[in-house]
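Down below is the structure, laid out as structure tokens.
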Number of protein chains: 6
Amino acid sequence: MTRILWINPVGTNADDSPMGEELRREASPDTRIDVCSLPGAGPEHLEWNALEAMVAGPTMGVIRWASEIERYDAAVIGCFYDPFLRGARELAGSMAVTAPAEACMHIAATVGDRFSILVGRQKWIPEMHQNVVKYGFADRLASFRVLDMSVDDFQAEPETSHRRILSEAELAVADDRADTIILGCTMEFGFYRTIQKRVGVPVIDAITAPIRFAEFLASIGAGHGWVTSRVSGYSSVPPRELDWIPVVEPVIDIDPRR
Amino acid sequence: MTRILWINPVGTNADDSPMGEELRREASPDTRIDVCSLPGAGPEHLEWNALEAMVAGPTMGVIRWASEIERYDAAVIGCFYDPFLRGARELAGSMAVTAPAEACMHIAATVGDRFSILVGRQKWIPEMHQNVVKYGFADRLASFRVLDMSVDDFQAEPETSHRRILSEAELAVADDRADTIILGCTMEFGFYRTIQKRVGVPVIDAITAPIRFAEFLASIGAGHGWVTSRVSGYSSVPPRELDWIPVVEPVIDIDPRR
Amino acid sequence: MTRILWINPVGTNADDSPMGEELRREASPDTRIDVCSLPGAGPEHLEWNALEAMVAGPTMGVIRWASEIERYDAAVIGCFYDPFLRGARELAGSMAVTAPAEACMHIAATVGDRFSILVGRQKWIPEMHQNVVKYGFADRLASFRVLDMSVDDFQAEPETSHRRILSEAELAVADDRADTIILGCTMEFGFYRTIQKRVGVPVIDAITAPIRFAEFLASIGAGHGWVTSRVSGYSSVPPRELDWIPVVEPVIDIDPRR
Amino acid sequence: MTRILWINPVGTNADDSPMGEELRREASPDTRIDVCSLPGAGPEHLEWNALEAMVAGPTMGVIRWASEIERYDAAVIGCFYDPFLRGARELAGSMAVTAPAEACMHIAATVGDRFSILVGRQKWIPEMHQNVVKYGFADRLASFRVLDMSVDDFQAEPETSHRRILSEAELAVADDRADTIILGCTMEFGFYRTIQKRVGVPVIDAITAPIRFAEFLASIGAGHGWVTSRVSGYSSVPPRELDWIPVVEPVIDIDPRR
Amino acid sequence: MTRILWINPVGTNADDSPMGEELRREASPDTRIDVCSLPGAGPEHLEWNALEAMVAGPTMGVIRWASEIERYDAAVIGCFYDPFLRGARELAGSMAVTAPAEACMHIAATVGDRFSILVGRQKWIPEMHQNVVKYGFADRLASFRVLDMSVDDFQAEPETSHRRILSEAELAVADDRADTIILGCTMEFGFYRTIQKRVGVPVIDAITAPIRFAEFLASIGAGHGWVTSRVSGYSSVPPRELDWIPVVEPVIDIDPRR
Amino acid sequence: MTRILWINPVGTNADDSPMGEELRREASPDTRIDVCSLPGAGPEHLEWNALEAMVAGPTMGVIRWASEIERYDAAVIGCFYDPFLRGARELAGSMAVTAPAEACMHIAATVGDRFSILVGRQKWIPEMHQNVVKYGFADRLASFRVLDMSVDDFQAEPETSHRRILSEAELAVADDRADTIILGCTMEFGFYRTIQKRVGVPVIDAITAPIRFAEFLASIGAGHGWVTSRVSGYSSVPPRELDWIPVVEPVIDIDPRR
């Protein structure tokens with residue numbers, strides 16, 4: 001059994017339960033997924049980088065809780081900006097940590113030649129583009145396409161979401177020569193299967209992909225010792241500095257099969 | 001149960017059995033791995049690109065056999081040059097196909113910042129470097145390092161292999177700032193665990209990594225429909241052309257647990 | 001006198017004679033050009049990478065025949081995917097080997113700033129794009145443009161070909177800021193002069209360019225010893241491995257002036 | 001008069017006063033520089049990315065305080081990782097914000113062809129290298145060189161610092177063909193003038209460069225309206241989200257000339 | 001007081017006086033700006049690279065005059081191709097030298113994520129694109145957009161200029177996702193403020209930006225010794241070679257406040 | 001018969017005659033090569049960019065003379081910085097123009113995977129490196145190596161030249177994994193054959209390569225109309241501007257076979 005913590009790095013647990021149900025449907029049968037969000041009031045989405053900054057500290061605390069107290073096998077930081085991934089890995093010991101953009105792009109680059117990323121707002125593109133370059137997939141990027149929807153809209157207006165995602169996915173294939181689609185926000189969950197059937201290309205879902213990639217990382221870590229390298233850029237935070245990073249217990253939606 | 005075919009694209013089955021044993025030890029418990037090589041006489045290694053060319057045709061035939069007749073869930077083309085990966089994917093239908101360099105680099109780029117690839121001969125480097133660039137990991141490459149051994153030497157002289165791999169891995173970490181090591185030949189199998197323990201960084205093994213990555217691809221294909229996209233560069237070979245690609249039944253070492 | 005072998009790496013000689021006539025018109029007066037194709041049945045075009053793989057072995061055999069038995073000064077592998085160029089060079093000794101994409105891009109990058117490549121099908125683009133990157137000309141690529149024609153259509157429907165090539169060439173100049181056009185398939189031969197006159201920019205032909213580049217390479221090899229370097233990635237296949245690469249005598253259309 | 005806030009994004013004000021003195025010596029005569037650090041206990045340096053994450057939130061709060069309450073003309077986030085620069089700019093309205101790596105590299109790329117960055121620990125390099133790429137200066141990077149000193153050591157052991165910086169700067173010029181040196185930590189302040197005289201190349205100081213660049217940005221913002229663009233990736237945080245980012249009043253060392 | 005020489009590297013002084021007035025309005029109050037052009041007949045614009053070549057020699061002579069005789073603090077070579085910048089720096093001793101493209105791009109890359117450059121003719125793009133790459137900002141380039149106007153048209157037809165610049169600036173923001181505009185010709189001066197107000201993004205002016213950047217470079221040179229590095233690619237022309245570069249006294253429009 | 005003008009863009013004809021003899025030995029038998037230099041006093045080498053600038057104008061005039069009056073088939077601008085190549089092409093009509101770095105790199109990238117360039121002084125490297133990038137061969141560059149000799153030394157001290165070139169060429173192959181050597185100065189002529197024999201890799205000579213490449217360009221221009229494209233960056237200088245570029249008759253060493 002693999003135990004994974006999905007962290008919604010926001011100050012609301014409104015999406016934890018439905019997202020947890022979807023994640024458990026999509027993950028491997030022997031994976032147990034708890035979904036959590038940050039305790040106390042906080043931003044409800046991270047569309048602005050300044051909002052990401054506000055949840056950086058508590059997220060580090062949750063990573064410590066997940067790794068040191070609860071000993072999860074893996075954690076996912078559930079935002080397509082992949083925030084604080086380096087910091088989380090410094091803290092995570094042998095627990096694997098990944099995030100949506102990383103997972104989606106590694107998969108998309110394997111099942112196709114060129115992908116388009118469907119984002120809610122143009123505002124998101126520059127920061128996400130820097131991640132595309134950082135991960136090495138700039139040559140694989142067919143386009144970003146803008147859905148003109150906010151994070152909160154995707155689940156609130158599912159018909160609009162479905163229609164907009166379908167429309168932009170089809171244009172990405174027809175006009176930008178994408179052969180693979182990435183949904184560029186975790187809140188676009190629940191749509192990929194029908195879109196994929198309609199468009200006829202792989203549609204990589206921003207919660208399913210990282211949960212499956214997290215399982216994979218947990219498995220190769222446990223099985224082969226392929227865990228985050230500690231000799232250079234991901235060296236562990238030394239004990240004397242850990243006091244600055246208090247453990248944070250999140251608000252949590254426990255996998256009922258646990 | 002996931003059924004994977006490991007294809008040694010060479011005209012000798014001398015390594016199939018020991019490699020199969022190692023693969024079965026390293027893979028997931030519910031994976032069944034058959035190891036095969038090409039029927040008839042043929043090159044015993046692929047150090048030269050012209051030798052790769054000689055096995056291209058039969059390898060395509062084996063892919064058809066694996067996909068259409070035997071219906072494996074995944075296949076691995078077992079050479080670190082990742083030969084004919086595009087062609088194999090065109091033929092593979094819903095069967096996943098991967099190869100060592102692709103699998104090793106995706107993993108190395110996730111568990112570390114910079115990797116070194118340990119190759120047998122300098123001769124191999126330019127072709128492999130083109131793959132590093134093609135996969136998007138040029139910025140992650142710390143170095144290639146040359147072991148000055150041929151493909152056939154690795155298993156024939158295990159002590160030399162161990163000593164040379166250890167020495168170059170340590171130099172890669174100390175001098176090239178690599179934080180991850182990739183073993184750049186499938187025949188370097190059997191050494192990674194002890195080297196990893198000695199050097200203290202992840203050492204990605206060229207047969208273990210692709211077998212695990214193949215399991216992952218098979219799983220996301222079956223579970224989510226994330227299989228090779230067919231709308232552009234990986235479009236399937238149409239039936240009218242398939243006659244030019246006769247099915248080839250390989251020499252095979254069957255997983256005893258099957 | 002320079003003797004060049006043009007290899008159509010396909011299992012039909014249907015185009016050898018007309019292509020030979022065109023090549024002899026376009027080449028230098030003191031060049032003798034034999035055009036050959038592969039013996040036995042085989043794919044009639046290489047639009048799929050898997051079909052390329054099927055002709056890889058025989059093509060290597062023809063390279064040996066051309067280099068060791070017939071002692072041509074140069075050979076061209078006549079497909080815009082530039083298949084097996086590294087393998088062919090390993091085998092070719094002092095015989096020069098080139099291929100259409102390499103030749104066209106080196107010329108286009110010299111007579112202009114940005115080129116567009118006119119391909120038959122979108123399917124071809126990803127593999128060809130990898131070659132653009134590999135050769136170093138990614139910054140020079142204005143666009144790929146799709147003619148929506150198959151390899152077999154170009155000579156069968158010359159009026160359609162002419163019309164489609166003209167149309168896309170004009171759009172490449174007007175919309176993509178290309179100042180040079182490359183015809184991205186050898187079977188687009190016979191059209192470049194009229195298109196060039198109409199569009200007013202250099203139109204680099206996929207059979208003329210490599211035959212002229214082959215002459216050039218043969219000349220600098222013979223005159224200055226600038227032949228394929230043997231110390232690293234293009235080291236020669238050693239004699240002990242040559243048995244795996246049987247000499248193949250092709251079906252051949254001999255230059256009548258020979 | 002230009003008013004600039006230098007933010008030491010750490011939980012100690014131990015360096016604020018000496019750094020302020022140095023900054024005031026180096027800045028333009030009509031610039032007033034207040035130096036602040038974060039209130040409450042917190043990390044004393046940011047060598048680990050997880051420590052950066054812990055100060056992200058308070059730093060955003062200080063940016064709001066600086067921009068909305070105190071109306072500084074510019075702010076500098078005083079860490080060579082350039083943390084949270086995007087978030088800070090989203091919040092800063094017409095106040096300019098910059099950071100050391102950005103400022104140093106823009107200057108170094110103008111006064112020379114190739115620079116080396118002298119860092120304390122190898123640990124820092126991967127994150128800083130990502131910034132080099134992000135800012136566009138990868139082709140200008142001669143090398144990173146490691147001083148083998150921690151952030152706290154630089155001011156505590158000035159003779160060692162001077163000796164180590166001098167030694168690595170000379171090696172960067174001699175061995176790596178650097179023609180410009182960047183000091184890759186703000187705490188390396190106070191050394192650049194003597195090193196520069198000894199080595200004979202520009203030595204860009206990690207506190208002087210950003211304070212001067214901040215003056216420049218403030219000046220072109222006020223004079224020409226060249227302030228952070230708000231239409232895309234740097235769009236302002238909307239009022240409804242600002243509640244999640246409480247204003248933070250820092251511990252402050254006021255410019256005595258104020 | 002900072003003394004800057006703006007060099008119009010052309011054989012007409014027709015624009016010197018109006019440009020000088022504009023420059024003095026835009027520069028810092030304590031900057032004195034003399035505007036000069038080349039003595040004798042010569043090209044009146046540099047749209048063709050061959051025309052640039054014709055003014056290369058006299059421009060070097062003016063740089064010597066400015067640096068050695070008049071001892072300006074900085075000089076700007078006033079053409080958006082940034083011609084002869086390396087040569088000018090070799091000659092300039094401690095005088096700073098910059099040029100419009102360099103200055104505009106460094107500023108644009110700081111106040112935004114992506115810029116578009118508005119040029120007069122498509123002809124200009126390839127040479128300017130090479131500068132974008134050389135300066136490291138290829139990833140920041142949203143587009144070049146063509147105004148279809150010649151250098152001489154901009155001031156002669158101000159209403160057309162304003163209309164065309166506005167139109168293309170708006171399209172760059174709407175269609176190319178530019179968040180910053182660069183005016184790609186010095187003769188586009190006088191328009192940026194109104195365009196900027198209308199479009200709502202920073203519009204970087206090709207004379208204002210380099211004059212402000214020149215002030216900055218002069219200031220950091222004088223204040224911190226950050227002048228052109230002399231140890232490698234910008235080494236000074238040795239005295240024995242200076243005879244080949246006669247001092248040239250330009251036609252000059254003196255700052256009336258001098 | 002192909003008539004080529006080799007232009008030594010310097011104010012001395014001291015090397016014209018010996019260089020002409022060498023060029024005529026190396027070129028095709030039916031090529032006639034006149035070697036010229038600039039009339040009047042001028043720099044004797046172009047090691048500094050400011051010296052390049054001084055010869056820019058006269059070189060343009062010689063290009064006009066060569067193209068319009070003497071109607072050469074091709075011209076070579078004989079300096080490894082490839083100075084003014086764009087301007088020369090604007091003026092050259094149907095005459096081909098090339099230069100050493102362009103020619104050497106196109107050849108080296110075809111006969112090998114990675115080249116090293118042997119330069120006289122470190123000073124030369126940054127400007128030459130920008131050309132490597134501009135031509136697209138950055139991934140092919142193994143290294144620059146410095147001979148520590150000036151332009152004037154190469155022919156004056158042939159034994160030292162031979163020894164230094166041999167030594168650095170061997171190190172480039174052994175330490176930098178170069179498989180091809182480029183001599184990075186035209187004045188290194190006369191050495192390549194013996195060095196090539198000793199080192200065992202292609203050694204591309206900086207006068208032989210461009211003369212052969214010029215023959216090739218002249219031939220494909222005349223035979224196929226593949227001359228410089230005139231629709232964009234290389235558009236011809238219009239007649240109304242040509243008055244600014246007076247024709248210059250050079251000092252010339254005529255091919256005695258003419």
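Labeling convention for the structure tokens: chains A, B, ... as they appear, residues from 1 per chain, ligands from 1 in order of appearance.
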Can you tell me which residues surround range 221-232 of chain F at a distance of at most 7 Å, considering only C-alpha atoms, apart from same-chain residues fewer than 4 positions away, and format the answer as a PyMOL selection string?
(chain C and resi 111-112+179-180+201-202) or (chain E and resi 122-123) or (chain F and resi 94+96+217+236)
Let me see the file: selected residues, N, CA and C atoms, as an mmCIF file, in the first residue's frame.
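selection-v3.cif was written with the following content:
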data_model
loop_
_atom_site.group_PDB
_atom_site.id
_atom_site.type_symbol
_atom_site.label_atom_id
_atom_site.label_comp_id
_atom_site.auth_asym_id
_atom_site.auth_seq_id
_atom_site.Cartn_x
_atom_site.Cartn_y
_atom_site.Cartn_z
ATOM 1 N N VAL C 111 22.141 31.201 -48.122
ATOM 2 C CA VAL C 111 21.560 32.172 -49.068
ATOM 3 C C VAL C 111 20.427 32.992 -48.464
ATOM 4 N N GLY C 112 20.033 32.686 -47.249
ATOM 5 C CA GLY C 112 18.953 33.453 -46.635
ATOM 6 C C GLY C 112 19.048 33.437 -45.132
ATOM 7 N N ASP C 179 12.533 33.731 -46.157
ATOM 8 C CA ASP C 179 13.125 34.303 -47.374
ATOM 9 C C ASP C 179 13.697 33.210 -48.266
ATOM 10 N N THR C 180 13.528 31.982 -47.847
ATOM 11 C CA THR C 180 14.021 30.837 -48.603
ATOM 12 C C THR C 180 13.049 29.681 -48.374
ATOM 13 N N VAL C 201 12.116 33.901 -54.509
ATOM 14 C CA VAL C 201 13.106 33.580 -53.476
ATOM 15 C C VAL C 201 13.744 32.237 -53.840
ATOM 16 N N PRO C 202 14.918 31.964 -53.293
ATOM 17 C CA PRO C 202 15.525 30.657 -53.571
ATOM 18 C C PRO C 202 14.617 29.521 -53.101
ATOM 19 N N GLN E 122 10.350 45.114 -42.680
ATOM 20 C CA GLN E 122 10.709 43.720 -42.436
ATOM 21 C C GLN E 122 12.206 43.507 -42.644
ATOM 22 N N LYS E 123 12.768 44.269 -43.570
ATOM 23 C CA LYS E 123 14.206 44.171 -43.876
ATOM 24 C C LYS E 123 15.066 44.218 -42.619
ATOM 25 N N SER F 94 24.308 39.139 -57.942
ATOM 26 C CA SER F 94 24.330 37.690 -58.088
ATOM 27 C C SER F 94 25.695 37.098 -57.735
ATOM 28 N N ALA F 96 28.341 35.615 -55.395
ATOM 29 C CA ALA F 96 28.319 34.990 -54.070
ATOM 30 C C ALA F 96 29.369 35.631 -53.170
ATOM 31 N N LEU F 217 29.251 27.990 -53.764
ATOM 32 C CA LEU F 217 28.149 28.952 -53.807
ATOM 33 C C LEU F 217 28.018 29.563 -55.200
ATOM 34 N N SER F 236 18.593 44.146 -51.468
ATOM 35 C CA SER F 236 19.668 44.910 -52.110
ATOM 36 C C SER F 236 19.608 46.375 -51.720
#
If you count only C-alpha atoms, which residues fall within 8 Å of Ile207 in chain D, apart from same-chain ones fewer than 5 positions away, as a PDB file with N, CA, C and O atoms, in the first residue's frame?
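Resulting contents of selection-v7.pdb:
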ATOM      1  N   LEU D  23      25.633  50.504   2.262  1.00  0.00           N
ATOM      2  CA  LEU D  23      24.728  50.883   1.170  1.00  0.00           C
ATOM      3  C   LEU D  23      24.695  52.399   0.986  1.00  0.00           C
ATOM      4  O   LEU D  23      24.687  52.900  -0.141  1.00  0.00           O
ATOM      5  N   GLY D  78      16.708  41.519  -0.519  1.00  0.00           N
ATOM      6  CA  GLY D  78      18.142  41.350  -0.391  1.00  0.00           C
ATOM      7  C   GLY D  78      18.655  39.934  -0.241  1.00  0.00           C
ATOM      8  O   GLY D  78      19.287  39.612   0.760  1.00  0.00           O
ATOM      9  N   PRO D 100      19.195  41.129  -6.075  1.00  0.00           N
ATOM     10  CA  PRO D 100      20.624  41.147  -6.413  1.00  0.00           C
ATOM     11  C   PRO D 100      21.012  40.433  -7.712  1.00  0.00           C
ATOM     12  O   PRO D 100      21.772  40.977  -8.510  1.00  0.00           O
ATOM     13  N   THR D 186      24.659  38.506  -0.808  1.00  0.00           N
ATOM     14  CA  THR D 186      24.680  39.874  -0.290  1.00  0.00           C
ATOM     15  C   THR D 186      25.663  40.027   0.865  1.00  0.00           C
ATOM     16  O   THR D 186      26.217  41.107   1.077  1.00  0.00           O
ATOM     17  N   PHE D 189      29.364  41.541   1.086  1.00  0.00           N
ATOM     18  CA  PHE D 189      29.554  42.988   0.912  1.00  0.00           C
ATOM     19  C   PHE D 189      30.816  43.489   1.625  1.00  0.00           C
ATOM     20  O   PHE D 189      31.276  42.889   2.590  1.00  0.00           O
TER      21      PHE D 189
END
Å distance separating CA of Ser235 in chain F from CA of Trp48 in chain E, one decimal place
8.1 Å
Where does chain A meet chain D within 8 Å, residue by residue, with the nearest atom pair and distance in Å to one decimal for each, counting only C-alpha atoms, listed by chain and rising number, as a Markdown table?
| residue | atom | partner | partner_atom | distance |
| --- | --- | --- | --- | --- |
| A:Ala41 | CA | D:Trp244 | CA | 7.9 |
| A:Gly42 | CA | D:Trp244 | CA | 5.7 |
| A:Pro43 | CA | D:Trp244 | CA | 5.7 |
| A:Trp48 | CA | D:Val237 | CA | 6.4 |
| A:Asn49 | CA | D:Gly87 | CA | 4.5 |
| A:Ala50 | CA | D:Gly87 | CA | 3.9 |
| A:Leu51 | CA | D:Ile245 | CA | 7.4 |
| A:Glu52 | CA | D:Gly87 | CA | 7.9 |
| A:Ala53 | CA | D:Ala56 | CA | 4.9 |
| A:Met54 | CA | D:Gly57 | CA | 4.3 |
| A:Val55 | CA | D:Gly57 | CA | 7.1 |
| A:Ala56 | CA | D:Ala53 | CA | 4.9 |
| A:Gly57 | CA | D:Met54 | CA | 4.2 |
| A:Pro58 | CA | D:Met54 | CA | 7.8 |
| A:Met60 | CA | D:Ala50 | CA | 6.7 |
| A:Phe84 | CA | D:Ala53 | CA | 6.9 |
| A:Arg86 | CA | D:Asn49 | CA | 6.2 |
| A:Gly87 | CA | D:Ala50 | CA | 3.9 |
| A:Ala88 | CA | D:Ala50 | CA | 6.5 |
| A:Glu90 | CA | D:Ala50 | CA | 6.7 |
| A:Leu91 | CA | D:Ala50 | CA | 7.2 |
| A:Gln122 | CA | D:Ser232 | CA | 6.2 |
| A:Lys123 | CA | D:Gly233 | CA | 4.6 |
| A:Trp124 | CA | D:Gly233 | CA | 6.2 |
| A:Ile125 | CA | D:Gly233 | CA | 6.7 |
| A:Pro126 | CA | D:Gly233 | CA | 5.3 |
| A:Glu127 | CA | D:Gly233 | CA | 6.9 |
| A:Gln130 | CA | D:Lys134 | CA | 6.9 |
| A:Lys134 | CA | D:Gln130 | CA | 6.9 |
| A:Val231 | CA | D:Lys123 | CA | 7.7 |
| A:Ser232 | CA | D:Lys123 | CA | 4.7 |
| A:Gly233 | CA | D:Lys123 | CA | 4.5 |
| A:Tyr234 | CA | D:Lys123 | CA | 7.2 |
| A:Ser235 | CA | D:Lys123 | CA | 6.7 |
| A:Val237 | CA | D:Trp48 | CA | 6.4 |
| A:Glu241 | CA | D:Pro43 | CA | 7.3 |
| A:Trp244 | CA | D:Pro43 | CA | 5.7 |
| A:Ile245 | CA | D:Met54 | CA | 6.8 |
Based on the backbone DSSP call, show me all residues of range 2-204 of chain F assigned alpha helix (DSSP H), as a PyMOL selection string.
chain F and resi 16-26+49-64+85-91+100-111+125-135+153-156+158-176+192-199
Polymer residues at most 7 Å from Ala99 in chain B, only C-alpha atoms, same-chain spacing of 5 or more positions, as a list in words
Val76, Ile77, Gly78, Cys79, Asp82 and Pro210 of chain B
Step one, run DSSP on the backbone; step two, keep only residues of range 33-110 of chain D assigned to strand (DSSP E); then write them as a ChimeraX atom specification.
/D:33-37,74-77,96-98
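Separating CA of Cys104 in chain A from CA of Ile63 in chain B is a distance of 26.8 Å.
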Leaving out range 138-153 of chain C and any residue of its chain fewer than 2 positions from it, which residues lie within 7 Å of it when counting only C-alpha atoms, given as a JSON list (two decimals) with C-alpha atoms, in the first residue's frame?
[["chain", "number", "residue", "atom", "x", "y", "z"],
["C", 45, "HIS", "CA", 8.02, 5.36, -49.50],
["C", 113, "ASP", "CA", 18.08, 34.17, -43.03],
["C", 114, "ARG", "CA", 14.97, 32.04, -42.53],
["C", 115, "PHE", "CA", 13.55, 29.09, -44.39],
["C", 116, "SER", "CA", 10.26, 27.26, -44.56],
["C", 117, "ILE", "CA", 10.08, 23.56, -45.28],
["C", 118, "LEU", "CA", 7.16, 22.35, -47.40],
["C", 119, "VAL", "CA", 6.17, 18.84, -46.36],
["C", 120, "GLY", "CA", 3.54, 16.50, -47.64],
["C", 121, "ARG", "CA", 1.88, 15.58, -44.36],
["C", 122, "GLN", "CA", 1.82, 16.97, -40.85],
["C", 132, "VAL", "CA", 16.43, 20.85, -37.90],
["C", 133, "VAL", "CA", 17.46, 21.08, -34.26],
["C", 136, "GLY", "CA", 21.71, 23.58, -35.66],
["C", 155, "GLN", "CA", 4.91, 13.06, -59.50],
["C", 156, "ALA", "CA", 1.53, 11.48, -60.20],
["C", 157, "GLU", "CA", -0.31, 14.79, -60.04],
["C", 164, "ARG", "CA", 0.10, 23.50, -53.84],
["C", 165, "ILE", "CA", 3.83, 24.15, -53.62],
["C", 168, "GLU", "CA", 2.37, 27.40, -49.65],
["C", 176, "ASP", "CA", 6.00, 33.47, -41.93],
["C", 177, "ARG", "CA", 8.74, 35.87, -43.14],
["C", 178, "ALA", "CA", 10.62, 33.05, -44.83],
["C", 187, "MET", "CA", 9.64, 13.37, -54.74]]
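If you measure from each of F:Pro256, F:Gly40, F:Gly20, F:Pro9 to Thr208 in chain F using only C-alpha atoms, the closest one turns out to be F:Gly20.
Between CA of Asp175 in chain A and CA of Phe137 in chain B there is a distance of 27.3 Å.
The shell of residues at most 10 Å from Glu21 in chain B, with only C-alpha atoms counted and near chain neighbours (fewer than 3 positions) removed, consists of Asp16, Ser17, Pro18, Arg24, Arg25, Glu26, Ile33, Asp34, Val35, Asp253, Asp255 and Pro256 of chain B.
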Might you pull out every residue within 9 Å of Thr31 in chain B, with only C-alpha atoms counted and same-chain residues fewer than 6 positions away left off, and present them as a PyMOL selection string?
chain B and resi 1-4+24+215
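Of the listed residues A:Lys197, A:Val251, A:Ala218, A:Tyr135, the one whose atoms come nearest to Arg71 in chain A is A:Ala218, with distances taken using only C-alpha atoms.
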